[in-house]
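Asker: The structure file upload.txt (compact mmCIF, C-alpha atoms and all ligand atoms) is provided below.
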```
# COMPACT_ATOMS: atom_id res chain seq x y z
CA MET A 221 -78.30 56.41 20.48
CA ARG A 222 -76.14 58.38 18.06
CA ALA A 223 -77.20 58.24 14.43
CA GLY A 224 -74.87 57.25 11.59
CA PRO A 225 -72.72 54.21 10.90
CA VAL A 226 -71.87 52.22 14.05
CA TYR A 227 -68.18 52.25 13.13
CA ASP A 228 -68.12 56.07 13.23
CA ARG A 229 -68.58 55.55 16.98
CA ILE A 230 -66.70 52.31 17.73
CA GLY A 231 -64.06 52.39 15.01
CA THR A 232 -61.97 55.39 16.03
CA THR A 233 -58.95 53.31 17.11
CA TYR A 234 -59.54 50.30 14.81
CA ALA A 235 -56.18 50.54 13.03
CA ASN A 236 -54.34 50.33 16.39
CA THR A 237 -55.13 46.64 16.92
CA ARG A 238 -56.69 45.47 13.64
CA ARG A 239 -53.79 45.03 11.24
CA PRO A 240 -53.93 42.32 8.56
CA ASP A 241 -52.38 39.02 9.61
CA PRO A 242 -50.07 37.65 6.89
CA ARG A 243 -51.28 34.05 7.27
CA ILE A 244 -54.90 35.08 6.94
CA ALA A 245 -53.95 37.33 4.02
CA GLU A 246 -52.52 34.26 2.26
CA ARG A 247 -55.75 32.35 2.78
CA VAL A 248 -57.87 35.24 1.48
CA ALA A 249 -55.63 35.63 -1.57
CA ALA A 250 -55.85 31.88 -2.26
CA ALA A 251 -59.63 32.01 -1.92
CA LEU A 252 -59.85 34.88 -4.42
CA GLY A 253 -57.62 33.02 -6.87
CA ASP A 254 -56.57 34.56 -10.17
CA VAL A 255 -59.30 37.20 -10.43
CA ARG A 256 -58.29 40.53 -11.97
CA THR A 257 -60.72 42.98 -10.36
CA VAL A 258 -61.89 42.88 -6.76
CA VAL A 259 -64.33 45.00 -4.76
CA ASN A 260 -63.94 44.98 -0.99
CA VAL A 261 -67.34 45.40 0.67
CA GLY A 262 -67.38 46.49 4.34
CA ALA A 263 -63.76 47.30 3.67
CA GLY A 264 -62.98 49.16 6.87
CA THR A 265 -59.37 50.26 6.92
CA GLY A 266 -58.45 48.05 3.94
CA SER A 267 -57.08 44.91 5.60
CA TYR A 268 -56.50 41.98 3.24
CA GLU A 269 -57.15 43.94 0.06
CA PRO A 270 -55.12 42.40 -2.76
CA PRO A 271 -53.39 44.68 -5.31
CA THR A 272 -56.21 43.83 -7.73
CA THR A 273 -58.71 45.76 -5.57
CA VAL A 274 -60.38 48.40 -7.71
CA LEU A 275 -62.83 49.77 -5.16
CA ALA A 276 -63.59 49.66 -1.45
CA ILE A 277 -67.15 50.05 -0.19
CA GLU A 278 -67.44 51.32 3.38
CA PRO A 279 -70.24 53.25 5.15
CA SER A 280 -68.10 54.73 7.93
CA ALA A 281 -66.05 57.87 7.24
CA THR A 282 -64.09 57.12 10.41
CA MET A 283 -62.95 53.80 8.93
CA ILE A 284 -62.23 55.27 5.50
CA GLY A 285 -60.10 57.90 7.22
CA GLN A 286 -57.81 55.14 8.57
CA ARG A 287 -57.12 53.56 5.19
CA PRO A 288 -53.41 53.64 4.35
CA ARG A 289 -52.08 55.98 1.70
CA GLY A 290 -52.06 54.22 -1.65
CA ALA A 291 -54.99 51.94 -0.80
CA ALA A 292 -57.74 51.43 -3.39
CA PRO A 293 -60.27 54.27 -3.71
CA ALA A 294 -63.12 54.02 -1.22
CA VAL A 295 -66.75 54.96 -1.68
CA ARG A 296 -69.04 55.67 1.25
CA ALA A 297 -71.85 53.20 0.64
CA ALA A 298 -73.43 50.07 2.10
CA ALA A 299 -73.58 46.47 0.93
CA GLU A 300 -77.34 46.69 0.55
CA SER A 301 -77.03 49.18 -2.32
CA LEU A 302 -73.74 48.86 -4.16
CA PRO A 303 -72.91 51.70 -6.56
CA LEU A 304 -71.74 49.32 -9.30
CA ALA A 305 -73.21 47.94 -12.50
CA ASP A 306 -74.27 44.31 -12.91
CA GLY A 307 -71.21 42.08 -13.42
CA ALA A 308 -68.84 45.05 -12.93
CA VAL A 309 -66.02 43.05 -11.30
CA ASP A 310 -64.53 39.59 -11.24
CA ALA A 311 -64.81 39.20 -7.48
CA ALA A 312 -66.12 40.65 -4.25
CA MET A 313 -64.79 40.06 -0.78
CA ALA A 314 -66.66 40.78 2.45
CA LEU A 315 -64.51 40.09 5.50
CA LEU A 316 -65.83 40.13 9.08
CA THR A 317 -68.57 42.52 8.02
CA ILE A 318 -71.81 40.69 7.16
CA HIS A 319 -72.90 40.56 10.83
CA HIS A 320 -73.11 44.37 10.72
CA TRP A 321 -75.33 44.61 7.65
CA THR A 322 -78.91 45.76 8.21
CA ASP A 323 -80.26 43.47 5.48
CA LEU A 324 -78.07 40.43 4.85
CA ASN A 325 -80.15 38.95 2.05
CA THR A 326 -80.15 42.18 0.07
CA GLY A 327 -76.40 42.61 0.66
CA ILE A 328 -75.64 39.08 -0.58
CA ALA A 329 -77.90 39.60 -3.60
CA GLU A 330 -75.91 42.75 -4.33
CA LEU A 331 -72.60 40.85 -4.14
CA ARG A 332 -73.98 38.34 -6.61
CA ARG A 333 -75.29 41.07 -8.91
CA ILE A 334 -71.95 42.89 -9.27
CA THR A 335 -69.62 39.87 -9.59
CA ARG A 336 -68.77 37.75 -12.60
CA ARG A 337 -66.64 35.04 -11.02
CA ARG A 338 -66.26 34.74 -7.27
CA ILE A 339 -67.40 35.92 -3.84
CA VAL A 340 -65.32 35.43 -0.70
CA VAL A 341 -66.90 35.95 2.71
CA LEU A 342 -65.15 35.68 6.06
CA THR A 343 -67.46 35.13 9.00
CA TRP A 344 -67.88 32.64 11.84
CA ASP A 345 -69.83 29.50 12.58
CA GLN A 346 -71.69 30.29 15.79
CA SER A 347 -72.05 26.60 16.70
CA VAL A 348 -68.24 26.45 17.07
CA PHE A 349 -67.67 30.05 18.13
CA GLN A 350 -69.99 29.83 21.15
CA ARG A 351 -67.62 27.26 22.67
CA PHE A 352 -64.67 29.68 22.64
CA TRP A 353 -63.56 29.97 26.28
CA LEU A 354 -63.95 33.76 26.50
CA LEU A 355 -67.61 33.60 25.52
CA ALA A 356 -68.50 30.29 27.14
CA ASP A 357 -66.81 30.86 30.51
CA TYR A 358 -66.75 34.63 31.01
CA LEU A 359 -68.96 36.66 28.67
CA PRO A 360 -72.35 34.95 28.24
CA GLU A 361 -73.99 38.35 27.50
CA ALA A 362 -71.66 38.84 24.54
CA ALA A 363 -72.32 35.26 23.39
CA ALA A 364 -76.07 35.96 23.44
CA PHE A 365 -75.58 39.12 21.38
CA ASP A 366 -73.64 37.13 18.77
CA GLU A 367 -76.19 34.33 18.82
CA ALA A 368 -78.82 36.85 17.69
CA ARG A 369 -76.84 38.12 14.69
CA ALA A 370 -74.95 34.99 13.58
CA VAL A 371 -76.04 33.33 10.33
CA PRO A 372 -75.96 29.52 10.03
CA MET A 373 -73.34 28.41 7.50
CA GLU A 374 -75.79 26.40 5.40
CA ARG A 375 -78.15 29.37 5.09
CA LEU A 376 -75.34 31.71 4.09
CA ALA A 377 -73.92 29.22 1.59
CA ALA A 378 -77.37 28.78 0.07
CA ARG A 379 -77.83 32.56 -0.23
CA LEU A 380 -74.51 32.71 -2.06
CA GLY A 381 -75.84 30.17 -4.55
CA GLY A 382 -73.64 27.43 -3.08
CA ALA A 383 -70.25 27.91 -1.44
CA ARG A 384 -67.22 26.00 -0.22
CA VAL A 385 -66.80 26.48 3.55
CA GLU A 386 -63.18 26.52 4.71
CA PRO A 387 -62.14 26.59 8.38
CA LEU A 388 -59.72 29.41 9.18
CA PRO A 389 -57.68 28.55 12.28
CA VAL A 390 -56.37 31.55 14.22
CA PRO A 391 -52.57 31.69 14.66
CA ALA A 392 -51.41 31.94 18.29
CA ASP A 393 -49.67 35.24 17.53
CA CYS A 394 -52.38 36.59 15.22
CA VAL A 395 -51.70 40.27 14.50
CA ASP A 396 -55.32 41.10 13.57
CA GLY A 397 -56.94 41.63 16.96
CA PHE A 398 -60.47 40.35 16.29
CA LEU A 399 -62.43 38.64 19.06
CA ALA A 400 -60.75 35.22 19.21
CA ALA A 401 -57.30 36.46 18.06
CA TRP A 402 -56.11 36.47 21.66
CA TRP A 403 -57.12 32.88 22.46
CA ARG A 404 -53.63 32.01 23.83
CA ARG A 405 -52.98 35.51 25.23
CA PRO A 406 -55.88 35.86 27.71
CA GLU A 407 -54.44 38.93 29.50
CA ALA A 408 -55.09 40.89 26.30
CA TYR A 409 -58.84 40.93 26.97
CA LEU A 410 -58.19 43.01 30.09
CA ASP A 411 -56.67 45.76 27.92
CA PRO A 412 -59.23 48.43 26.92
CA THR A 413 -57.34 49.15 23.68
CA VAL A 414 -57.70 45.50 22.63
CA ARG A 415 -61.39 45.51 23.56
CA ALA A 416 -62.01 48.72 21.61
CA GLY A 417 -60.96 46.89 18.42
CA ILE A 418 -63.52 44.11 18.97
CA SER A 419 -66.95 45.28 17.84
CA LEU A 420 -68.87 42.68 19.83
CA LEU A 421 -67.40 43.88 23.11
CA ALA A 422 -67.76 47.54 22.15
CA GLN A 423 -71.40 47.01 21.19
CA VAL A 424 -72.37 44.94 24.23
CA GLY A 425 -70.84 47.62 26.43
CA GLU A 426 -68.44 47.77 29.33
CA ALA A 427 -71.12 47.49 32.05
CA ALA A 428 -72.37 44.13 30.74
CA ILE A 429 -68.94 42.56 30.36
CA ARG A 430 -67.26 43.99 33.49
CA PRO A 431 -68.27 41.08 35.85
CA GLY A 432 -66.88 38.54 33.35
CA LEU A 433 -63.67 40.49 32.88
CA ASP A 434 -63.23 40.64 36.65
CA ARG A 435 -63.66 36.85 36.84
CA LEU A 436 -61.09 36.43 34.08
CA ALA A 437 -58.64 38.71 35.91
CA ALA A 438 -59.12 36.66 39.09
CA ASP A 439 -58.64 33.35 37.24
CA LEU A 440 -55.46 34.66 35.61
CA ALA A 441 -54.11 35.87 38.95
CA SER A 442 -54.87 32.55 40.69
CA GLY A 443 -53.56 30.37 37.86
CA ARG A 444 -57.01 28.80 37.36
CA TRP A 445 -57.23 29.89 33.71
CA HIS A 446 -53.87 28.30 32.91
CA GLU A 447 -54.87 25.09 34.67
CA ARG A 448 -58.14 24.84 32.75
CA HIS A 449 -56.60 25.68 29.39
CA ALA A 450 -53.24 23.95 29.61
CA ASP A 451 -54.01 22.21 26.29
CA LEU A 452 -54.13 25.58 24.47
CA LEU A 453 -50.74 26.76 25.67
CA THR A 454 -48.82 24.33 23.47
CA ARG A 455 -50.84 24.99 20.31
CA ASP A 456 -49.86 27.24 17.39
CA GLY A 457 -53.33 27.54 15.91
CA PHE A 458 -56.92 27.23 17.10
CA ASP A 459 -60.22 26.75 15.32
CA ALA A 460 -62.46 29.29 17.04
CA GLY A 461 -65.11 28.96 14.31
CA TYR A 462 -63.98 31.47 11.70
CA ARG A 463 -64.95 30.33 8.22
CA LEU A 464 -64.13 31.44 4.67
CA LEU A 465 -67.00 30.93 2.27
CA VAL A 466 -65.92 30.77 -1.36
CA ALA A 467 -68.69 30.98 -3.93
CA ASP A 468 -68.16 30.57 -7.65
CA ARG A 469 -70.59 32.44 -9.84
C1 LIG B 501 -65.01 44.42 11.68
S1 LIG B 501 -64.99 45.65 10.42
C2 LIG B 501 -64.15 44.72 9.14
C3 LIG B 501 -63.40 45.60 8.21
C4 LIG B 501 -62.50 44.89 7.22
N1 LIG B 501 -63.29 44.08 6.28
C5 LIG B 501 -61.49 44.03 7.93
O1 LIG B 501 -61.48 42.80 7.71
O2 LIG B 501 -60.68 44.57 8.70
C6 LIG B 501 -66.67 45.69 9.80
C7 LIG B 501 -66.90 46.79 8.78
O3 LIG B 501 -68.18 46.61 8.17
C8 LIG B 501 -68.70 47.90 7.93
N2 LIG B 501 -70.17 47.85 7.74
C9 LIG B 501 -71.15 47.98 8.65
N3 LIG B 501 -72.36 47.94 8.07
C10 LIG B 501 -72.16 47.77 6.74
C11 LIG B 501 -73.02 47.65 5.61
N4 LIG B 501 -74.34 47.66 5.75
N5 LIG B 501 -72.45 47.52 4.39
C12 LIG B 501 -71.10 47.48 4.26
N6 LIG B 501 -70.24 47.59 5.31
C13 LIG B 501 -70.75 47.73 6.53
C14 LIG B 501 -68.29 48.68 9.15
O4 LIG B 501 -68.41 50.09 8.98
C15 LIG B 501 -66.87 48.20 9.37
O5 LIG B 501 -65.93 48.98 8.70
```
Output the structure of this file as structure tokens.
Answerer:
Amino acid sequence: MRAGPVYDRIGTTYANTRRPDPRIAERVAAALGDVRTVVNVGAGTGSYEPPTTVLAIEPSATMIGQRPRGAAPAVRAAAESLPLADGAVDAAMALLTIHHWTDLNTGIAELRRITRRRIVVLTWDQSVFQRFWLLADYLPEAAAFDEARAVPMERLAARLGGARVEPLPVPADCVDGFLAAWWRRPEAYLDPTVRAGISLLAQVGEAAIRPGLDRLAADLASGRWHERHADLLTRDGFDAGYRLLVADR
């Protein structure tokens, strides 16, 4: 196993498929509210950073290297040890990152230490997520991997000192290619470029998911997938289990 941040290995093409979705950006901005200074922790390539972002925290140089010109300055550091003073900023956001942290409790304590007003976390509720057709019907190995790292919503909210939990439905044409983004575009999962932008699939590995992908390809070719999921084809949004947690300090 190669040493160093995981995203130095799996994040080389992240910006190809992981662009911020405007509808999700609106929800994140609304969750942050009228705060004046924001730190983005596990910032990756900078998706969803509002103009009030003063600093991005990101352990992977590969991800920092894909941040757009003009984005907030980025520091190579981890959530578990934030290089900021107590109460340094109004708000912190941590989007689709906490499942990668080596020590969640320490990371959350750090978010609380550096913020004066608000913390916004985007993650998923595994009890809903595990029912998503890709995991439930085709990739049980990937579902098991997620099961091991998912944090129950109540536990996370408690760690944050209490939080509002808001469902975040995924638009049918979501432009941020995270795992369930392609719920109404099943062919996308057969595309290696799409899969490379989904950390779960990259981490579980091609060998483990290949039988499931072959079954999906067969079901798409035979029309079985479309028969089984006819209800999805007329929908504009889908609750796959993504949740915004909004904690006031
Ligand atoms: C799926 S990406 C999300 C990036 C960005 N927040 C977004 O929404 O596009 C997860 C990010 O978390 C970062 N990460 C992994 N471990 C971390 C840690 N311990 N502290 C902070 N960030 C971490 C990864 O390097 C990666 O850039």
Asker: What are the nearest atom pairs, with distances in Å to one decimal, for all residues of chain A that come at most 9 Å from ligand LIG 501 (chain B), using all atoms listed in the file, set out by chain and rising residue number as a Markdown table?
Answerer:
```
| residue | atom | partner | partner_atom | distance |
| --- | --- | --- | --- | --- |
| A:Pro225 | CA | B:LIG501 | O4 | 6.3 |
| A:Val226 | CA | B:LIG501 | O4 | 6.5 |
| A:Tyr227 | CA | B:LIG501 | O4 | 4.7 |
| A:Asp228 | CA | B:LIG501 | O4 | 7.3 |
| A:Gly231 | CA | B:LIG501 | O5 | 7.4 |
| A:Tyr234 | CA | B:LIG501 | S1 | 8.4 |
| A:Ala235 | CA | B:LIG501 | O2 | 8.6 |
| A:Arg238 | CA | B:LIG501 | O2 | 6.4 |
| A:Arg239 | CA | B:LIG501 | O2 | 7.4 |
| A:Pro240 | CA | B:LIG501 | O2 | 7.1 |
| A:Asn260 | CA | B:LIG501 | N1 | 7.4 |
| A:Val261 | CA | B:LIG501 | C12 | 5.6 |
| A:Gly262 | CA | B:LIG501 | N6 | 3.2 |
| A:Ala263 | CA | B:LIG501 | N1 | 4.2 |
| A:Gly264 | CA | B:LIG501 | O5 | 3.5 |
| A:Thr265 | CA | B:LIG501 | O2 | 6.1 |
| A:Gly266 | CA | B:LIG501 | C4 | 6.1 |
| A:Ser267 | CA | B:LIG501 | O2 | 4.8 |
| A:Tyr268 | CA | B:LIG501 | O1 | 6.7 |
| A:Glu269 | CA | B:LIG501 | N1 | 8.7 |
| A:Ile277 | CA | B:LIG501 | C12 | 6.5 |
| A:Glu278 | CA | B:LIG501 | N6 | 5.0 |
| A:Pro279 | CA | B:LIG501 | O4 | 5.3 |
| A:Ser280 | CA | B:LIG501 | O4 | 4.8 |
| A:Ala281 | CA | B:LIG501 | O4 | 8.3 |
| A:Thr282 | CA | B:LIG501 | O4 | 8.4 |
| A:Met283 | CA | B:LIG501 | O5 | 5.7 |
| A:Ile284 | CA | B:LIG501 | O5 | 8.0 |
| A:Arg296 | CA | B:LIG501 | C12 | 9.0 |
| A:Ala297 | CA | B:LIG501 | C12 | 6.8 |
| A:Ala298 | CA | B:LIG501 | N5 | 3.6 |
| A:Ala299 | CA | B:LIG501 | N5 | 3.8 |
| A:Glu300 | CA | B:LIG501 | N4 | 6.1 |
| A:Ser301 | CA | B:LIG501 | N5 | 8.3 |
| A:Leu302 | CA | B:LIG501 | N5 | 8.7 |
| A:Met313 | CA | B:LIG501 | N1 | 8.3 |
| A:Ala314 | CA | B:LIG501 | N1 | 6.1 |
| A:Leu315 | CA | B:LIG501 | N1 | 4.2 |
| A:Leu316 | CA | B:LIG501 | C2 | 4.9 |
| A:Thr317 | CA | B:LIG501 | C6 | 4.1 |
| A:Ile318 | CA | B:LIG501 | O3 | 7.0 |
| A:His319 | CA | B:LIG501 | N3 | 7.9 |
| A:His320 | CA | B:LIG501 | N3 | 4.5 |
| A:Trp321 | CA | B:LIG501 | N4 | 3.7 |
| A:Thr322 | CA | B:LIG501 | N4 | 5.5 |
| A:Asp323 | CA | B:LIG501 | N4 | 7.3 |
| A:Leu324 | CA | B:LIG501 | N4 | 8.2 |
| A:Gly327 | CA | B:LIG501 | N5 | 7.3 |
| A:Leu342 | CA | B:LIG501 | O1 | 8.2 |
| A:Asp396 | CA | B:LIG501 | O2 | 8.0 |
| A:Phe398 | CA | B:LIG501 | C1 | 7.6 |
| A:Gly417 | CA | B:LIG501 | C1 | 8.2 |
| A:Ile418 | CA | B:LIG501 | C1 | 7.4 |
| A:Ser419 | CA | B:LIG501 | C1 | 6.5 |
```
Asker: Take the point (-67.3, 49.3, 22.5) as written in the file and pick out every residue within 12 Å of it, counting all atoms listed in the file; give the list as a list in words.
Answerer: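 These residues have at least one counted atom within 12 Å: Val226, Tyr227, Asp228, Arg229, Ile230, Gly231, Thr232, Thr233, Tyr234, Ala362, Pro412, Thr413, Val414, Arg415, Ala416, Gly417, Ile418, Ser419, Leu420, Leu421, Ala422, Gln423, Val424, Gly425, Glu426, Ala427, Ala428 and Ile429 of chain A.
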Asker: So how many Å separate atom CA of Arg289 of chain A and atom CA of Arg333 of chain A, to one decimal?
Answerer: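 Distance between the two atoms: 29.6 Å.
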Asker: List the neighbours of Arg338 of chain A out to 8 Å using all atoms listed in the file; skip same-chain residues closer than 6 positions along the sequence, and give me the result as a ChimeraX atom specification.
Answerer: /A:252,310-312,466-469
Asker: Using atom CA of Asp366 of chain A and atom CA of Asp345 of chain A as the two end points, give the distance in Å to one decimal.
Answerer: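 Taking atom CA of Asp366 of chain A and atom CA of Asp345 of chain A, their separation equals 10.5 Å.
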Asker: Could you work out how far atom CA of Val274 of chain A lies from atom CA of Ala370 of chain A, giving the answer in Å with one decimal?
Answerer: 29.1 Å
Asker: For Tyr409 of chain A, which residue out of A:Arg375, A:Arg444, A:Arg430, A:His449 is the nearest one, using all atoms listed in the file?
Answerer: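 Using all atoms listed in the file, the shortest distance to Tyr409 of chain A belongs to A:Arg430.
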Asker: May I ask which of the residues A:Asp306, A:Asp357, A:Glu386, A:Asp439 is the closest one to Val248 of chain A, counting all atoms listed in the file?
Answerer: A:Glu386
Asker: For Arg336 of chain A, which of A:Gly290, A:Pro360, A:Pro406, A:Gly307 is the closest residue, counting only C-alpha atoms?
Answerer: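 Distance minimum relative to Arg336 of chain A lands on A:Gly307.
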Asker: Between A:Trp344, A:Phe352, A:Arg369, A:Arg379, which is the closest to Asn325 of chain A once you count all atoms listed in the file?
Answerer: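 Distance minimum relative to Asn325 of chain A lands on A:Arg379.
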Asker: What lies within 12 Å of Val395 of chain A using only C-alpha atoms, ignoring chain neighbours under 4 positions off, as a JSON list (two decimals) with C-alpha atoms, in the frame of the given file?
Answerer:
```
[["chain", "number", "residue", "atom", "x", "y", "z"],
["A", 235, "ALA", "CA", -56.18, 50.54, 13.03],
["A", 236, "ASN", "CA", -54.34, 50.33, 16.39],
["A", 237, "THR", "CA", -55.13, 46.64, 16.92],
["A", 238, "ARG", "CA", -56.69, 45.47, 13.64],
["A", 239, "ARG", "CA", -53.79, 45.03, 11.24],
["A", 240, "PRO", "CA", -53.93, 42.32, 8.56],
["A", 241, "ASP", "CA", -52.38, 39.02, 9.61],
["A", 242, "PRO", "CA", -50.07, 37.65, 6.89],
["A", 243, "ARG", "CA", -51.28, 34.05, 7.27],
["A", 244, "ILE", "CA", -54.90, 35.08, 6.94],
["A", 245, "ALA", "CA", -53.95, 37.33, 4.02],
["A", 267, "SER", "CA", -57.08, 44.91, 5.60],
["A", 390, "VAL", "CA", -56.37, 31.55, 14.22],
["A", 391, "PRO", "CA", -52.57, 31.69, 14.66],
["A", 399, "LEU", "CA", -62.43, 38.64, 19.06],
["A", 400, "ALA", "CA", -60.75, 35.22, 19.21],
["A", 401, "ALA", "CA", -57.30, 36.46, 18.06],
["A", 402, "TRP", "CA", -56.11, 36.47, 21.66],
["A", 405, "ARG", "CA", -52.98, 35.51, 25.23],
["A", 414, "VAL", "CA", -57.70, 45.50, 22.63]]
```
Asker: In terms of the shortest atom-to-atom distance over all atoms listed in the file, which of A:Leu436, A:Leu275, A:Ala329, A:Leu453 is closest to Ala356 of chain A?
Answerer: A:Leu436
